[in-house]
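K.L.:
To start, I am sharing the structure in question, which I have written as structure tokens.
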There are 2 protein chains.
Amino acid sequence: MTTPVRALLFDVFGTVVDWRTCVSAEIQSMAKNYGVDVDAPAMADAWRAEYQPAMEEIRQEKRPFEILDVLHRENLERILPRFGLDEMRKDDREKLNLCWHRLQGWPDSTEGLIALKRRFILATQSNGNIALIVNMAKGANLAWDVVLGAEVTGYYKPRPEAYDRACAQLGLPNEACMMVAAHNDDLLAARQQGMRTAFVCRPKEHGSSQTKDLEPASNWDYVADSFTDLASQLKC
Amino acid sequence: MTTPVRALLFDVFGTVVDWRTCVSAEIQSMAKNYGVDVDAPAMADAWRAEYQPAMEEIRQEKRPFEILDVLHRENLERILPRFGLDEMRKDDREKLNLCWHRLQGWPDSTEGLIALKRRFILATQSNGNIALIVNMAKGANLAWDVVLGAEVTGYYKPRPEAYDRACAQLGLPNEACMMVAAHNDDLLAARQQGMRTAFVCRPKEHGSSQTKDLEPASNWDYVADSFTDLASQLKC
């Protein structure tokens, strides 16, 4: 007999929220204050491109755990000169850094989560820190039951401990937990730990010329094109 | 200028949920299955009486951190013989132990939290572990934004680190966080760390002959007799 799924664990950046559009808009607005003409989506992409290498040092234990707000801030410092924004004041850098707390959901995110919440425990399983995820949830109306992820487990995905500890913290066997993500690599890592998997396609995460994660790369347990679609498939 | 309060951090056992009534009912029902006539409220009180000493060993670092489910289970083992229930099977002990996940709120808890959630981040700051708090929230309809507390901070209240870390995890200065509790000692410890304080009187937590925490023991920032009263005082 198959273990029933009790909890859905969500990747957040890209899966729940449209980081590229929101970060670009905040960059655009900030650059305008400094009279700098910036390619805002390119700068958002450049900022995001520093994300995996920064976490990788921690995953490989070359550096002790730091929350994502700290990594985002270091990464911002790294890219500002490349976009002609090295004059930006410290308070503005701090303000811009927190734009990751102000991301908005995809059009189906709020409604889909409310539907899914009727039948399942909804947990975030993100590399974002607690404050980031909580502030985002308040601003974007995301009805989480519990914030898990990097700061709570102490590990960045796709370290296996990140998945194992999140399920254990819910008091559930891994097979009673389903990872929901727009990224095939996240689902693969979750499946390797015995979790169930749901792929929700987000074809505009990286803009209109996205080439990655346009299709499920494996026979994931569920494949959906929105959270409302997923809710319907899960009979919520 | 006073820092505005951004987050409310709630003590849970006694403040949000009526542990004594719920635990007594589950004890009563379980004892009946074994044909044992038990004083269920006395056994609930005895179980709860083991709670502080068990955590105290961890607070004093005589023992590494363990989640409350584990301590509750050990404490149950300790008291069962005293109530003539040493014949209880292991699976029933495990089931009874999880009664702490099934506690119900006071009559105003659900409605009061929904009102408070409009203006504030609502966090649990309980000695309960994550799974316990999440399962309770699903069963008792408690609209938390985030589960903090012992398992997330790594410290049992009233260790100062428990309060400091919870506020830091929300990315907020302690003075922007208000501890909400029915227990004067919890509020005192929170105030010593610079948090704001709200006393919500729960005169039946220990049954009808309660003598403790019937009045605020200090000039707490707010004093209320329910969460709906607190919401009204906070203009939610």
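The chains in the structure tokens are called A, B, ... from first to last as shown; in each chain the residues are counted from 1, and the ligands are counted from 1 in the order shown.
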Report as JSON, numbers by chain: the residues of range 2-229 of chain A with a DSSP assignment of strand (DSSP E), based on the backbone of this structure.

P.N.:
{"A": [7, 8, 9, 10, 121, 122, 123, 124, 146, 147, 177, 178, 179, 180, 181, 196, 197, 198, 199, 200, 222, 223, 224]}

K.L.:
Can you check which residues of chain A have any atom within 9 Å of chain B? Use only C-alpha atoms and format it as a list in words.

P.N.:
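Therefore, the residues near the partner are Ile121, Asn129, Ile130, Ala131, Leu132, Val134, Asn135, Ala137, Lys138, Ala143, Trp144, Asp145, Val146, Val147, Leu148, Glu151, Val152, Thr153, Ala168, Gln169, Leu170, Gly171 and Leu172 of chain A.
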
K.L.:
Please write the residues from the selection above to a file, keeping C-alpha atoms, as a CSV table (one decimal), in the first residue's frame.

P.N.:
chain,number,residue,atom,x,y,z
A,121,ILE,CA,0.5,20.6,5.4
A,129,ASN,CA,16.1,32.4,5.3
A,130,ILE,CA,13.2,32.5,7.7
A,131,ALA,CA,12.7,36.3,7.7
A,132,LEU,CA,12.8,36.4,3.9
A,134,VAL,CA,7.9,35.1,6.3
A,135,ASN,CA,8.0,38.7,4.9
A,137,ALA,CA,4.5,35.4,2.6
A,138,LYS,CA,2.9,38.4,4.2
A,143,ALA,CA,-0.6,30.6,3.2
A,144,TRP,CA,2.2,28.4,4.6
A,145,ASP,CA,1.7,26.2,7.6
A,146,VAL,CA,5.4,26.2,8.5
A,147,VAL,CA,8.6,27.6,7.3
A,148,LEU,CA,11.3,25.0,6.9
A,151,GLU,CA,17.9,28.1,8.1
A,152,VAL,CA,15.8,25.5,9.9
A,153,THR,CA,17.5,22.4,8.6
A,168,ALA,CA,11.9,14.6,10.1
A,169,GLN,CA,11.0,18.0,11.5
A,170,LEU,CA,7.5,17.4,10.3
A,171,GLY,CA,7.6,14.0,12.1
A,172,LEU,CA,6.9,12.3,8.8

K.L.:
Produce the least-squares-superposed copy of chain B, fitted on chain A over all in-order C-alpha pairs, as a short mmCIF file (atom, residue, chain, number, x, y, z; two decimals) with C-alpha atoms, in the first residue's frame.

P.N.:
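For reference, superposed-v5.cif as written:
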data_model
loop_
_atom_site.label_atom_id
_atom_site.label_comp_id
_atom_site.auth_asym_id
_atom_site.auth_seq_id
_atom_site.Cartn_x
_atom_site.Cartn_y
_atom_site.Cartn_z
CA MET B 1 0.01 -0.02 -0.01
CA THR B 2 1.29 3.43 -0.84
CA THR B 3 1.90 5.82 2.06
CA PRO B 4 -0.51 8.76 1.71
CA VAL B 5 1.08 12.15 1.13
CA ARG B 6 0.60 14.34 4.20
CA ALA B 7 2.82 17.35 3.47
CA LEU B 8 3.84 19.35 0.42
CA LEU B 9 7.29 20.95 0.59
CA PHE B 10 7.73 23.82 -1.81
CA ASP B 11 10.71 25.24 -3.55
CA VAL B 12 10.01 28.99 -3.49
CA PHE B 13 12.21 31.08 -5.87
CA GLY B 14 10.83 30.45 -9.34
CA THR B 15 8.29 27.86 -8.23
CA VAL B 16 6.07 30.09 -6.05
CA VAL B 17 7.35 33.58 -6.83
CA ASP B 18 8.49 35.36 -9.97
CA TRP B 19 11.86 36.59 -8.70
CA ARG B 20 13.14 37.94 -12.05
CA THR B 21 10.30 40.37 -12.72
CA CYS B 22 10.23 41.67 -9.14
CA VAL B 23 14.01 42.02 -8.72
CA SER B 24 14.28 43.72 -12.12
CA ALA B 25 11.61 46.26 -11.16
CA GLU B 26 13.38 47.15 -7.91
CA ILE B 27 16.74 47.44 -9.67
CA GLN B 28 15.17 49.68 -12.32
CA SER B 29 13.65 51.96 -9.73
CA MET B 30 16.83 52.18 -7.66
CA ALA B 31 19.07 52.82 -10.70
CA LYS B 32 16.77 55.63 -11.79
CA ASN B 33 17.35 57.36 -8.43
CA TYR B 34 21.06 57.35 -9.25
CA GLY B 35 20.49 58.46 -12.85
CA VAL B 36 22.01 55.22 -14.13
CA ASP B 37 20.61 53.51 -17.19
CA VAL B 38 20.76 49.84 -16.39
CA ASP B 39 19.69 46.63 -18.12
CA ALA B 40 17.63 45.58 -15.11
CA PRO B 41 16.75 42.01 -16.17
CA ALA B 42 20.43 41.41 -17.02
CA MET B 43 21.43 42.68 -13.59
CA ALA B 44 18.77 40.49 -11.92
CA ASP B 45 20.16 37.52 -13.85
CA ALA B 46 23.72 38.43 -12.86
CA TRP B 47 22.71 38.69 -9.20
CA ARG B 48 20.94 35.35 -9.38
CA ALA B 49 23.93 33.80 -11.17
CA GLU B 50 26.01 34.37 -8.02
CA TYR B 51 23.47 32.42 -5.95
CA GLN B 52 24.57 28.84 -6.58
CA PRO B 53 28.35 29.50 -6.28
CA ALA B 54 27.80 31.30 -2.96
CA MET B 55 25.82 28.41 -1.51
CA GLU B 56 28.23 25.89 -2.98
CA GLU B 57 31.01 27.01 -0.64
CA ILE B 58 28.72 26.28 2.28
CA ARG B 59 27.48 22.99 0.85
CA GLN B 60 31.09 21.88 0.47
CA GLU B 61 31.77 23.04 4.03
CA LYS B 62 34.50 25.46 2.95
CA ARG B 63 32.56 28.07 4.87
CA PRO B 64 30.21 27.90 7.89
CA PHE B 65 26.48 28.25 7.35
CA GLU B 66 25.26 31.76 6.57
CA ILE B 67 21.69 32.78 5.82
CA LEU B 68 20.72 33.80 2.31
CA ASP B 69 20.26 37.49 3.20
CA VAL B 70 24.00 37.60 3.90
CA LEU B 71 24.91 35.79 0.68
CA HIS B 72 22.57 38.01 -1.37
CA ARG B 73 24.26 41.08 0.10
CA GLU B 74 27.76 39.85 -0.72
CA ASN B 75 26.63 38.93 -4.22
CA LEU B 76 25.15 42.39 -4.71
CA GLU B 77 28.49 43.97 -3.76
CA ARG B 78 30.15 41.79 -6.34
CA ILE B 79 27.94 42.81 -9.26
CA LEU B 80 27.22 46.50 -8.59
CA PRO B 81 30.39 47.83 -10.27
CA ARG B 82 29.64 45.78 -13.37
CA PHE B 83 26.39 47.73 -13.82
CA GLY B 84 27.77 51.17 -13.08
CA LEU B 85 26.18 51.33 -9.65
CA ASP B 86 29.28 51.44 -7.42
CA GLU B 87 28.17 54.85 -6.12
CA MET B 88 25.11 53.36 -4.40
CA ARG B 89 24.87 54.31 -0.73
CA LYS B 90 25.01 51.63 1.97
CA ASP B 91 21.40 52.17 3.08
CA ASP B 92 20.22 51.78 -0.51
CA ARG B 93 22.28 48.62 -0.92
CA GLU B 94 20.59 47.24 2.18
CA LYS B 95 17.17 48.27 0.93
CA LEU B 96 17.74 46.76 -2.50
CA ASN B 97 19.06 43.57 -0.93
CA LEU B 98 15.74 43.07 0.81
CA CYS B 99 13.87 43.10 -2.51
CA TRP B 100 14.04 39.30 -2.23
CA HIS B 101 11.64 39.64 0.74
CA ARG B 102 9.17 41.48 -1.48
CA LEU B 103 8.78 39.04 -4.36
CA GLN B 104 5.29 38.43 -5.70
CA GLY B 105 3.71 35.08 -6.55
CA TRP B 106 2.76 33.74 -9.96
CA PRO B 107 -0.89 34.47 -10.78
CA ASP B 108 -2.04 31.06 -9.44
CA SER B 109 0.15 30.93 -6.31
CA THR B 110 -2.14 32.42 -3.66
CA GLU B 111 -5.28 30.65 -4.80
CA GLY B 112 -3.51 27.34 -5.44
CA LEU B 113 -1.92 27.26 -1.98
CA ILE B 114 -5.25 28.00 -0.29
CA ALA B 115 -6.80 25.03 -2.11
CA LEU B 116 -3.85 22.71 -1.36
CA LYS B 117 -3.87 23.74 2.30
CA ARG B 118 -7.26 22.09 2.81
CA ARG B 119 -5.74 18.62 2.47
CA PHE B 120 -2.02 19.01 3.12
CA ILE B 121 0.54 20.57 5.41
CA LEU B 122 2.18 23.30 3.34
CA ALA B 123 5.85 23.86 4.14
CA THR B 124 8.46 25.98 2.43
CA GLN B 125 11.62 24.03 1.66
CA SER B 126 13.64 26.92 0.29
CA ASN B 127 17.20 28.12 0.50
CA GLY B 128 15.74 31.44 1.67
CA ASN B 129 16.09 32.36 5.34
CA ILE B 130 13.16 32.51 7.75
CA ALA B 131 12.69 36.31 7.70
CA LEU B 132 12.83 36.39 3.90
CA ILE B 133 10.18 33.68 3.55
CA VAL B 134 7.93 35.16 6.26
CA ASN B 135 8.05 38.70 4.88
CA MET B 136 7.43 37.40 1.37
CA ALA B 137 4.45 35.37 2.57
CA LYS B 138 2.89 38.44 4.22
CA GLY B 139 3.42 40.57 1.11
CA ALA B 140 2.39 37.98 -1.47
CA ASN B 141 -0.36 36.28 0.55
CA LEU B 142 1.12 32.79 0.67
CA ALA B 143 -0.61 30.56 3.21
CA TRP B 144 2.23 28.45 4.58
CA ASP B 145 1.68 26.25 7.61
CA VAL B 146 5.36 26.19 8.47
CA VAL B 147 8.64 27.65 7.25
CA LEU B 148 11.34 25.02 6.89
CA GLY B 149 14.33 25.15 4.55
CA ALA B 150 17.95 26.17 4.87
CA GLU B 151 17.93 28.14 8.12
CA VAL B 152 15.79 25.53 9.93
CA THR B 153 17.51 22.41 8.59
CA GLY B 154 20.98 23.97 8.57
CA TYR B 155 21.69 22.75 5.02
CA TYR B 156 21.32 24.20 1.55
CA LYS B 157 19.57 22.11 -1.09
CA PRO B 158 20.44 19.85 -2.80
CA ARG B 159 22.38 18.47 0.18
CA PRO B 160 20.50 15.28 1.14
CA GLU B 161 20.31 16.47 4.76
CA ALA B 162 18.17 19.42 3.66
CA TYR B 163 15.40 17.05 2.52
CA ASP B 164 15.81 14.44 5.25
CA ARG B 165 15.75 16.94 8.08
CA ALA B 166 12.76 18.85 6.75
CA CYS B 167 10.69 15.64 6.63
CA ALA B 168 11.93 14.59 10.06
CA GLN B 169 11.04 18.01 11.49
CA LEU B 170 7.48 17.39 10.31
CA GLY B 171 7.58 14.02 12.09
CA LEU B 172 6.87 12.29 8.78
CA PRO B 173 8.61 9.57 6.78
CA ASN B 174 10.13 11.00 3.61
CA GLU B 175 7.64 9.10 1.41
CA ALA B 176 4.75 10.99 3.07
CA CYS B 177 6.28 14.27 1.89
CA MET B 178 6.09 15.60 -1.66
CA MET B 179 8.57 18.10 -3.02
CA VAL B 180 6.93 20.66 -5.32
CA ALA B 181 9.34 22.47 -7.62
CA ALA B 182 9.76 24.02 -11.04
CA HIS B 183 13.30 22.61 -11.17
CA ASN B 184 14.09 19.09 -12.25
CA ASP B 185 17.33 18.96 -10.26
CA ASP B 186 15.54 19.78 -7.00
CA LEU B 187 13.01 17.02 -7.64
CA LEU B 188 15.75 14.53 -8.48
CA ALA B 189 17.52 15.25 -5.19
CA ALA B 190 14.23 14.92 -3.29
CA ARG B 191 13.38 11.63 -5.01
CA GLN B 192 16.81 10.27 -4.14
CA GLN B 193 15.86 10.79 -0.48
CA GLY B 194 12.60 8.92 -0.95
CA MET B 195 10.27 11.90 -1.22
CA ARG B 196 7.40 12.10 -3.70
CA THR B 197 7.70 14.67 -6.47
CA ALA B 198 5.54 17.23 -8.28
CA PHE B 199 6.86 19.29 -11.17
CA VAL B 200 5.09 22.61 -11.72
CA CYS B 201 6.26 24.16 -14.97
CA ARG B 202 7.21 27.84 -14.79
CA PRO B 203 8.27 28.62 -18.38
CA LYS B 204 8.84 32.34 -17.74
CA GLU B 205 11.04 32.10 -14.63
CA HIS B 206 14.07 33.15 -16.68
CA GLY B 207 12.13 35.39 -19.06
CA SER B 208 10.71 34.72 -22.47
CA SER B 209 13.83 33.02 -23.83
CA GLN B 210 14.02 30.36 -21.12
CA THR B 211 15.51 27.05 -22.23
CA LYS B 212 15.73 25.11 -18.95
CA ASP B 213 13.05 23.20 -17.04
CA LEU B 214 10.45 23.61 -19.77
CA GLU B 215 9.58 19.92 -19.50
CA PRO B 216 9.65 17.28 -16.78
CA ALA B 217 12.99 15.45 -17.07
CA SER B 218 11.68 12.30 -15.42
CA ASN B 219 8.48 10.48 -14.55
CA TRP B 220 7.66 12.69 -11.58
CA ASP B 221 4.61 11.65 -9.55
CA TYR B 222 2.71 14.74 -10.69
CA VAL B 223 3.23 17.23 -13.50
CA ALA B 224 1.20 20.44 -13.46
CA ASP B 225 1.26 23.85 -15.07
CA SER B 226 0.04 25.76 -12.00
CA PHE B 227 -0.73 25.26 -8.31
CA THR B 228 -4.44 25.33 -9.09
CA ASP B 229 -3.88 22.54 -11.63
CA LEU B 230 -1.90 20.60 -9.00
CA ALA B 231 -4.69 21.15 -6.46
CA SER B 232 -7.20 19.81 -8.92
CA GLN B 233 -5.06 16.74 -9.69
CA LEU B 234 -4.69 16.14 -5.94
CA LYS B 235 -8.47 16.46 -5.50
CA CYS B 236 -8.29 19.49 -3.22
#
